[in-house]
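For reference, upload.pdb (PDB, C-alpha atoms):
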ATOM      1  CA  MET A 887    -125.600   8.853  28.503
ATOM      2  CA  ILE A 888    -128.093   9.044  31.361
ATOM      3  CA  ARG A 889    -130.119  12.219  31.703
ATOM      4  CA  VAL A 890    -132.487  12.653  34.677
ATOM      5  CA  ALA A 891    -134.468  15.791  35.519
ATOM      6  CA  VAL A 892    -137.149  16.911  37.972
ATOM      7  CA  GLN A 893    -138.580  20.191  36.724
ATOM      8  CA  PRO A 894    -141.548  22.567  37.033
ATOM      9  CA  ALA A 895    -141.110  23.616  33.381
ATOM     10  CA  ALA A 896    -142.897  21.882  30.492
ATOM     11  CA  ILE A 897    -141.012  18.917  29.008
ATOM     12  CA  ASP A 898    -139.685  19.655  25.503
ATOM     13  CA  ILE A 899    -140.100  16.213  23.985
ATOM     14  CA  ALA A 900    -138.807  17.216  20.542
ATOM     15  CA  ALA A 901    -135.563  18.523  22.057
ATOM     16  CA  GLU A 902    -135.127  15.351  24.096
ATOM     17  CA  LEU A 903    -135.729  13.186  21.004
ATOM     18  CA  ASP A 904    -133.145  15.225  19.098
ATOM     19  CA  LEU A 905    -130.531  14.312  21.707
ATOM     20  CA  HIS A 906    -131.183  10.615  21.100
ATOM     21  CA  ASP A 907    -131.403  11.059  17.312
ATOM     22  CA  ALA A 908    -127.927  12.567  17.385
ATOM     23  CA  GLY A 909    -126.570   9.401  19.032
ATOM     24  CA  GLY A 910    -127.481   7.196  16.053
ATOM     25  CA  HIS A 911    -128.905   4.489  18.321
ATOM     26  CA  GLY A 912    -130.556   1.528  16.597
ATOM     27  CA  ALA A 913    -133.751   1.632  18.638
ATOM     28  CA  SER A 914    -135.499   4.151  20.871
ATOM     29  CA  ALA A 915    -138.616   3.436  22.933
ATOM     30  CA  SER A 916    -140.534   6.087  24.810
ATOM     31  CA  PHE A 917    -143.273   6.483  27.394
ATOM     32  CA  ILE A 918    -145.231   9.712  27.774
ATOM     33  CA  GLY A 919    -147.587  10.145  30.725
ATOM     34  CA  ARG A 920    -150.122  12.990  30.430
ATOM     35  CA  VAL A 921    -152.610  14.614  32.801
ATOM     36  CA  ARG A 922    -156.075  13.135  32.211
ATOM     37  CA  GLY A 923    -159.083  15.457  32.439
ATOM     38  CA  ASP A 924    -161.299  12.804  34.069
ATOM     39  CA  GLY A 925    -164.205  14.044  36.197
ATOM     40  CA  ASP A 926    -163.742  17.739  35.375
ATOM     41  CA  LEU A 927    -160.199  17.801  36.723
ATOM     42  CA  THR A 928    -158.842  21.325  36.449
ATOM     43  CA  GLU A 929    -155.364  20.963  37.964
ATOM     44  CA  LEU A 930    -152.946  18.221  38.885
ATOM     45  CA  PHE A 931    -150.283  19.262  41.379
ATOM     46  CA  LEU A 932    -147.178  17.150  41.953
ATOM     47  CA  ASP A 933    -145.456  17.507  45.309
ATOM     48  CA  HIS A 934    -141.850  16.309  45.590
ATOM     49  CA  HIS A 935    -138.818  16.187  47.877
ATOM     50  CA  PRO A 936    -136.121  18.674  46.818
ATOM     51  CA  ALA A 937    -133.292  16.125  47.061
ATOM     52  CA  MET A 938    -134.795  12.652  47.258
ATOM     53  CA  THR A 939    -137.055  12.829  44.187
ATOM     54  CA  GLY A 940    -134.143  13.422  41.816
ATOM     55  CA  ALA A 941    -131.984  10.886  43.634
ATOM     56  CA  GLY A 942    -134.786   8.301  43.374
ATOM     57  CA  LEU A 943    -135.134   8.865  39.626
ATOM     58  CA  ALA A 944    -131.357   8.612  39.184
ATOM     59  CA  ASP A 945    -131.290   5.342  41.153
ATOM     60  CA  LEU A 946    -134.012   3.903  38.905
ATOM     61  CA  ALA A 947    -132.231   5.077  35.745
ATOM     62  CA  HIS A 948    -129.014   3.391  36.862
ATOM     63  CA  ALA A 949    -130.901   0.221  37.798
ATOM     64  CA  ALA A 950    -132.328   0.119  34.255
ATOM     65  CA  ALA A 951    -128.891   0.741  32.732
ATOM     66  CA  ASP A 952    -127.450  -2.110  34.822
ATOM     67  CA  ARG A 953    -130.218  -4.470  33.750
ATOM     68  CA  TRP A 954    -130.424  -3.769  30.014
ATOM     69  CA  HIS A 955    -127.964  -2.723  27.344
ATOM     70  CA  LEU A 956    -128.890   0.933  26.920
ATOM     71  CA  SER A 957    -126.883   3.415  24.898
ATOM     72  CA  ALA A 958    -128.861   6.449  26.118
ATOM     73  CA  LEU A 959    -131.581   7.011  28.688
ATOM     74  CA  THR A 960    -133.675  10.089  29.501
ATOM     75  CA  LEU A 961    -136.038  10.222  32.478
ATOM     76  CA  ILE A 962    -137.848  13.505  33.183
ATOM     77  CA  HIS A 963    -140.633  14.114  35.709
ATOM     78  CA  ARG A 964    -142.542  17.333  36.110
ATOM     79  CA  VAL A 965    -143.483  18.761  39.494
ATOM     80  CA  GLY A 966    -145.812  21.593  40.484
ATOM     81  CA  ALA A 967    -149.127  22.531  38.876
ATOM     82  CA  MET A 968    -150.300  21.087  35.548
ATOM     83  CA  VAL A 969    -153.518  21.126  33.520
ATOM     84  CA  PRO A 970    -155.126  18.279  31.507
ATOM     85  CA  GLY A 971    -153.147  17.349  28.418
ATOM     86  CA  GLU A 972    -149.763  18.356  29.799
ATOM     87  CA  THR A 973    -146.951  15.824  29.968
ATOM     88  CA  ILE A 974    -146.135  14.671  33.523
ATOM     89  CA  VAL A 975    -143.441  12.142  32.771
ATOM     90  CA  PHE A 976    -141.233  11.326  29.801
ATOM     91  CA  ILE A 977    -139.051   8.266  29.418
ATOM     92  CA  LEU A 978    -136.831   7.660  26.403
ATOM     93  CA  ALA A 979    -134.603   4.602  26.261
ATOM     94  CA  SER A 980    -132.227   3.917  23.394
ATOM     95  CA  SER A 981    -130.409   0.690  22.698
ATOM     96  CA  PRO A 982    -128.950  -1.158  19.758
ATOM     97  CA  HIS A 983    -132.034  -3.441  19.959
ATOM     98  CA  ARG A 984    -135.759  -2.792  20.435
ATOM     99  CA  ALA A 985    -136.434  -5.439  23.089
ATOM    100  CA  GLU A 986    -134.088  -3.838  25.612
ATOM    101  CA  ALA A 987    -135.360  -0.316  24.931
ATOM    102  CA  LEU A 988    -138.993  -1.411  25.328
ATOM    103  CA  ALA A 989    -138.339  -3.436  28.506
ATOM    104  CA  ALA A 990    -136.396  -0.586  30.128
ATOM    105  CA  CYS A 991    -139.249   1.856  29.435
ATOM    106  CA  GLU A 992    -141.836  -0.445  30.992
ATOM    107  CA  PHE A 993    -139.622  -1.128  34.033
ATOM    108  CA  LEU A 994    -139.029   2.572  34.589
ATOM    109  CA  ILE A 995    -142.671   3.678  34.498
ATOM    110  CA  ASP A 996    -143.813   0.755  36.673
ATOM    111  CA  ARG A 997    -141.175   1.323  39.357
ATOM    112  CA  LEU A 998    -141.407   5.112  39.212
ATOM    113  CA  LYS A 999    -145.012   4.902  40.431
ATOM    114  CA  THR A1000    -144.033   3.106  43.636
ATOM    115  CA  ASP A1001    -140.397   4.036  44.349
ATOM    116  CA  VAL A1002    -139.975   7.776  43.782
ATOM    117  CA  MET A1003    -141.013  10.561  46.169
ATOM    118  CA  LEU A1004    -143.817  12.215  44.228
ATOM    119  CA  TRP A1005    -147.377  12.874  45.339
ATOM    120  CA  LYS A1006    -150.353  13.846  43.138
ATOM    121  CA  ARG A1007    -153.080  16.237  44.263
ATOM    122  CA  GLU A1008    -156.176  16.677  42.081
ATOM    123  CA  SER A1009    -158.384  19.790  41.925
ATOM    124  CA  PHE A1010    -161.807  19.654  40.265
ATOM    125  CA  ALA A1011    -164.159  22.226  38.729
ATOM    126  CA  ASP A1012    -166.621  21.914  41.638
ATOM    127  CA  GLY A1013    -163.903  22.925  44.129
ATOM    128  CA  ARG A1014    -163.024  19.460  45.427
ATOM    129  CA  VAL A1015    -159.328  18.867  46.139
ATOM    130  CA  GLN A1016    -157.965  15.409  46.899
ATOM    131  CA  TRP A1017    -154.616  13.673  47.204
ATOM    132  CA  VAL A1018    -154.395  10.602  44.976
ATOM    133  CA  GLU A1019    -154.175   7.282  46.796
ATOM    134  CA  PRO A1020    -151.806   4.570  45.606
ATOM    135  CA  ARG A1021    -153.427   1.839  43.507
ATOM    136  CA  GLU A1022    -152.936  -1.835  44.313
ATOM    137  CA  GLY A1023    -152.492  -2.535  40.600
ATOM    138  CA  ASP A1024    -149.504  -0.180  40.524
ATOM    139  CA  ASN A1025    -147.826  -2.118  43.343
ATOM    140  CA  ALA A1026    -148.451  -5.402  41.548
ATOM    141  CA  ARG A1027    -146.919  -4.073  38.319
ATOM    142  CA  ALA A1028    -143.878  -2.694  40.161
ATOM    143  CA  ASP A1029    -143.376  -5.995  42.029
ATOM    144  CA  ARG A1030    -143.075  -7.905  38.740
ATOM    145  CA  TRP A1031    -139.593  -6.427  38.305
ATOM    146  CA  SER A1032    -138.133  -7.384  41.684
TER
ATOM    147  CA  MET B 969    -130.300  16.720  70.237
ATOM    148  CA  PRO B 970    -132.582  18.770  67.929
ATOM    149  CA  LEU B 971    -134.197  16.907  65.054
ATOM    150  CA  GLU B 972    -135.492  18.469  61.861
ATOM    151  CA  ILE B 973    -138.772  17.021  60.576
ATOM    152  CA  ALA B 974    -140.031  17.641  57.030
ATOM    153  CA  TYR B 975    -143.581  16.868  55.962
ATOM    154  CA  PHE B 976    -144.901  16.156  52.468
ATOM    155  CA  ALA B 977    -148.252  15.986  50.613
ATOM    156  CA  TRP B 978    -151.303  15.694  52.910
ATOM    157  CA  VAL B 979    -149.120  15.220  55.974
ATOM    158  CA  ARG B 980    -147.714  18.727  55.358
ATOM    159  CA  GLU B 981    -151.178  20.197  54.747
ATOM    160  CA  ARG B 982    -152.566  18.670  57.938
ATOM    161  CA  MET B 983    -149.554  19.739  60.020
ATOM    162  CA  GLY B 984    -149.780  23.263  58.603
ATOM    163  CA  VAL B 985    -145.986  23.548  58.192
ATOM    164  CA  ALA B 986    -143.452  22.149  55.714
ATOM    165  CA  ASP B 987    -140.812  21.507  58.369
ATOM    166  CA  GLU B 988    -139.916  22.167  61.973
ATOM    167  CA  THR B 989    -137.133  21.519  64.440
ATOM    168  CA  VAL B 990    -138.055  19.647  67.609
ATOM    169  CA  ASP B 991    -136.337  18.632  70.822
ATOM    170  CA  LEU B 992    -137.361  15.060  71.400
ATOM    171  CA  PRO B 993    -137.841  13.433  74.770
ATOM    172  CA  ALA B 994    -135.542  10.458  75.357
ATOM    173  CA  SER B 995    -138.497   8.091  75.058
ATOM    174  CA  VAL B 996    -138.793   8.825  71.321
ATOM    175  CA  SER B 997    -136.269   6.411  69.872
ATOM    176  CA  ASN B 998    -137.591   5.352  66.466
ATOM    177  CA  VAL B 999    -139.842   6.567  63.632
ATOM    178  CA  SER B1000    -142.961   4.962  64.996
ATOM    179  CA  SER B1001    -142.531   6.494  68.444
ATOM    180  CA  LEU B1002    -141.887   9.860  66.742
ATOM    181  CA  VAL B1003    -145.188   9.524  64.848
ATOM    182  CA  ALA B1004    -146.998   8.613  68.091
ATOM    183  CA  TRP B1005    -145.367  11.579  69.878
ATOM    184  CA  LEU B1006    -146.436  14.004  67.121
ATOM    185  CA  ALA B1007    -149.977  12.580  67.179
ATOM    186  CA  ALA B1008    -150.192  13.162  70.948
ATOM    187  CA  ARG B1009    -148.562  16.626  70.888
ATOM    188  CA  ASP B1010    -151.402  18.732  69.460
ATOM    189  CA  ALA B1011    -154.611  18.743  67.399
ATOM    190  CA  ARG B1012    -152.783  19.070  64.061
ATOM    191  CA  GLY B1013    -150.587  16.089  64.849
ATOM    192  CA  GLN B1014    -153.594  14.099  65.947
ATOM    193  CA  ILE B1015    -155.248  14.675  62.541
ATOM    194  CA  ALA B1016    -152.096  14.228  60.434
ATOM    195  CA  PHE B1017    -151.103  10.988  62.134
ATOM    196  CA  ALA B1018    -154.551   9.517  62.851
ATOM    197  CA  GLU B1019    -153.668   6.579  60.576
ATOM    198  CA  PRO B1020    -150.008   5.803  61.329
ATOM    199  CA  GLN B1021    -150.075   2.771  59.019
ATOM    200  CA  LEU B1022    -150.285   5.219  56.074
ATOM    201  CA  ILE B1023    -147.094   7.044  57.075
ATOM    202  CA  ARG B1024    -143.773   6.422  55.317
ATOM    203  CA  ALA B1025    -140.428   7.831  56.416
ATOM    204  CA  ALA B1026    -136.958   8.743  55.239
ATOM    205  CA  ILE B1027    -134.029   9.441  57.542
ATOM    206  CA  ASP B1028    -131.342  11.743  56.150
ATOM    207  CA  GLY B1029    -132.461  11.079  52.590
ATOM    208  CA  VAL B1030    -132.870   7.301  52.834
ATOM    209  CA  MET B1031    -136.250   5.508  52.921
ATOM    210  CA  MET B1032    -136.603   3.636  56.204
ATOM    211  CA  GLY B1033    -139.145   1.435  57.972
ATOM    212  CA  LEU B1034    -141.147   2.734  60.925
ATOM    213  CA  ASP B1035    -138.963   0.731  63.320
ATOM    214  CA  ALA B1036    -135.804   2.563  62.181
ATOM    215  CA  PRO B1037    -133.892   4.140  65.107
ATOM    216  CA  LEU B1038    -133.511   7.927  65.253
ATOM    217  CA  ALA B1039    -130.106   7.904  66.976
ATOM    218  CA  GLY B1040    -127.736  10.109  64.974
ATOM    219  CA  ALA B1041    -130.487  11.302  62.589
ATOM    220  CA  ARG B1042    -130.372  14.926  61.448
ATOM    221  CA  GLU B1043    -133.563  15.062  59.373
ATOM    222  CA  VAL B1044    -136.629  12.853  59.243
ATOM    223  CA  ALA B1045    -139.145  13.157  56.393
ATOM    224  CA  LEU B1046    -142.699  11.932  57.018
ATOM    225  CA  PHE B1047    -145.093  11.428  54.103
ATOM    226  CA  PRO B1048    -147.891   9.258  52.659
ATOM    227  CA  PRO B1049    -147.288   6.467  50.115
ATOM    228  CA  VAL B1050    -146.011   7.915  46.827
ATOM    229  CA  THR B1051    -148.212   8.418  43.740
ATOM    230  CA  GLY B1052    -145.992   9.673  40.906
ATOM    231  CA  GLY B1053    -145.856   8.647  37.274
TER
END

Turn the structure described in the file into structure tokens.
Amino acid sequence: MIRVAVQPAAIDIAAELDLHDAGGHGASASFIGRVRGDGDLTELFLDHHPAMTGAGLADLAHAAADRWHLSALTLIHRVGAMVPGETIVFILASSPHRAEALAACEFLIDRLKTDVMLWKRESFADGRVQWVEPREGDNARADRWS
Amino acid sequence: MPLEIAYFAWVRERMGVADETVDLPASVSNVSSLVAWLAARDARGQIAFAEPQLIRAAIDGVMMGLDAPLAGAREVALFPPVTGG
């Protein structure tokens, strides 16, 4: 079971976990990315491509499923406006064994940062607005998996 | 042949529109010449494409390099490097 979503609505992590619980998988590993409130950040806005963002996430999910033995995989990314503390991205990988679930999670978050059409814009309390620039460290982490 | 161009993130903000349809001169044959043409067309283009090395592209939903030909393309997306996650 592969479930991929790009959504403006809040991610219901408990409901997503329930879906994996119901599968009786031996091991589930998750990654949750949240909006940090660094530097008086008031809003994080995620821009996306209406077709390519979802297709990019689906491609990554299938690449992970080809690479590791996964019995269920959920990959959800929020788009639109968010405030500090909200969940931006949720990854849940289930497998009979922990090593594959953990590796798939790490692969997915590393590659998602460099391969999927999403752009972050930060707004701060003093009125500054800036688009986030890619970090070299993110490219290096993503390259480890190629 | 009309070509639809879609802009994302700060490229969209600097262009002032999310998308537009253009009639390209024959000299514009690939993504990089399209970017140069947009930069030369007006003040917004000049600002949006002042640093062409920061521009990424997709043709009809597929990520492509700046040397990718435009022949047969229906839609080109132009955007900065991605920053999701």

Legend entry - Among the residues B:Val979, B:Val1003, B:Ala1016, B:Ala974, the one that comes closest to Leu1034 of chain B [using all atoms listed in the file]: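 Among B:Val979, B:Val1003, B:Ala1016, B:Ala974, it is B:Val1003 that comes nearest to Leu1034 of chain B.
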
Inset, instruction - Take the PyMOL selection byres ((chain B) within 9 of (chain A)), apply it to the structure above, and return the hits as a list in words. - result: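 That expression, the PyMOL selection byres ((chain B) within 9 of (chain A)), corresponds here to Phe976, Ala977, Trp978, Gly1029, Val1030, Phe1047, Pro1048, Pro1049, Val1050, Thr1051, Gly1052 and Gly1053 of chain B.
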
Legend entry - Who sits within 10 Å of Leu978 of chain A, only C-alpha atoms, same chain under 6 positions skipped, as a ChimeraX atom specification: /A:889,899,902-903,906,914-918,958-962,987-988,990-991,994

Matched chain/residue IDs from the PyMOL selection byres ((chain B and resi 1035) around 7), as a PDB file with C-alpha atoms, in the frame of the given file:
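Output file expr_21.pdb follows:
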ATOM      1  CA  ASN B 998    -137.591   5.352  66.466  1.00  0.00           C
ATOM      2  CA  VAL B 999    -139.842   6.567  63.632  1.00  0.00           C
ATOM      3  CA  SER B1000    -142.961   4.962  64.996  1.00  0.00           C
ATOM      4  CA  GLY B1033    -139.145   1.435  57.972  1.00  0.00           C
ATOM      5  CA  LEU B1034    -141.147   2.734  60.925  1.00  0.00           C
ATOM      6  CA  ALA B1036    -135.804   2.563  62.181  1.00  0.00           C
ATOM      7  CA  PRO B1037    -133.892   4.140  65.107  1.00  0.00           C
TER       8      PRO B1037
END

Inset, instruction - Report the residues retrieved by the PyMOL selection byres ((chain A and resi 927) around 10) from the displayed file, expressed as a PyMOL selection string. - result: chain A and resi 921-926+928-930+969-970+1008-1015

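When all atoms listed in the file are used to compute distances to Phe993 of chain A, the closest of the residues A:Ser981, A:Pro894, A:Trp1031, A:Gly910 turns out to be A:Trp1031.
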
Inset, instruction - Quote the spacing between atom CA of Trp954 of chain A and atom CA of Arg1030 of chain A in Å to one decimal place. - result: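 Separation between atom CA of Trp954 of chain A and atom CA of Arg1030 of chain A: 15.9 Å.
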
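Coordinates place atom CA of Gln893 of chain A at a distance of 13.9 Å from atom CA of Ala944 of chain A.
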
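Atom to atom, atom CA of Asp1029 of chain A and atom CA of Val1044 of chain B stand 26.4 Å apart.
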
Legend entry - Shell of 9 Å around segment 985-990 of chain B, only C-alpha atoms, local chain residues under 3 positions omitted, as a ChimeraX atom specification: /B:969-976,979-982,1043,1045

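The closest residue to His948 of chain A, picked from A:Met887, A:Ala967, A:Pro936, A:Ala896 and counting all atoms listed in the file, is A:Met887.
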
Just need the box for segment 911-926 of chain A, edges along x, y and z, holding every atom the file lists for it with 5 Å tacked onto each side, so centre and edge lengths in Å to one decimal, as AutoDock Vina command-line options.
--center_x -146.6 --center_y 9.6 --center_z 26.4 --size_x 45.3 --size_y 26.2 --size_z 29.6

Inset, instruction - Find the residue from A:Gly971, A:Asn1025, A:Asp904, A:Ser1032 that sits nearest to Arg953 of chain A; use only C-alpha atoms when measuring. - result: A:Ser1032
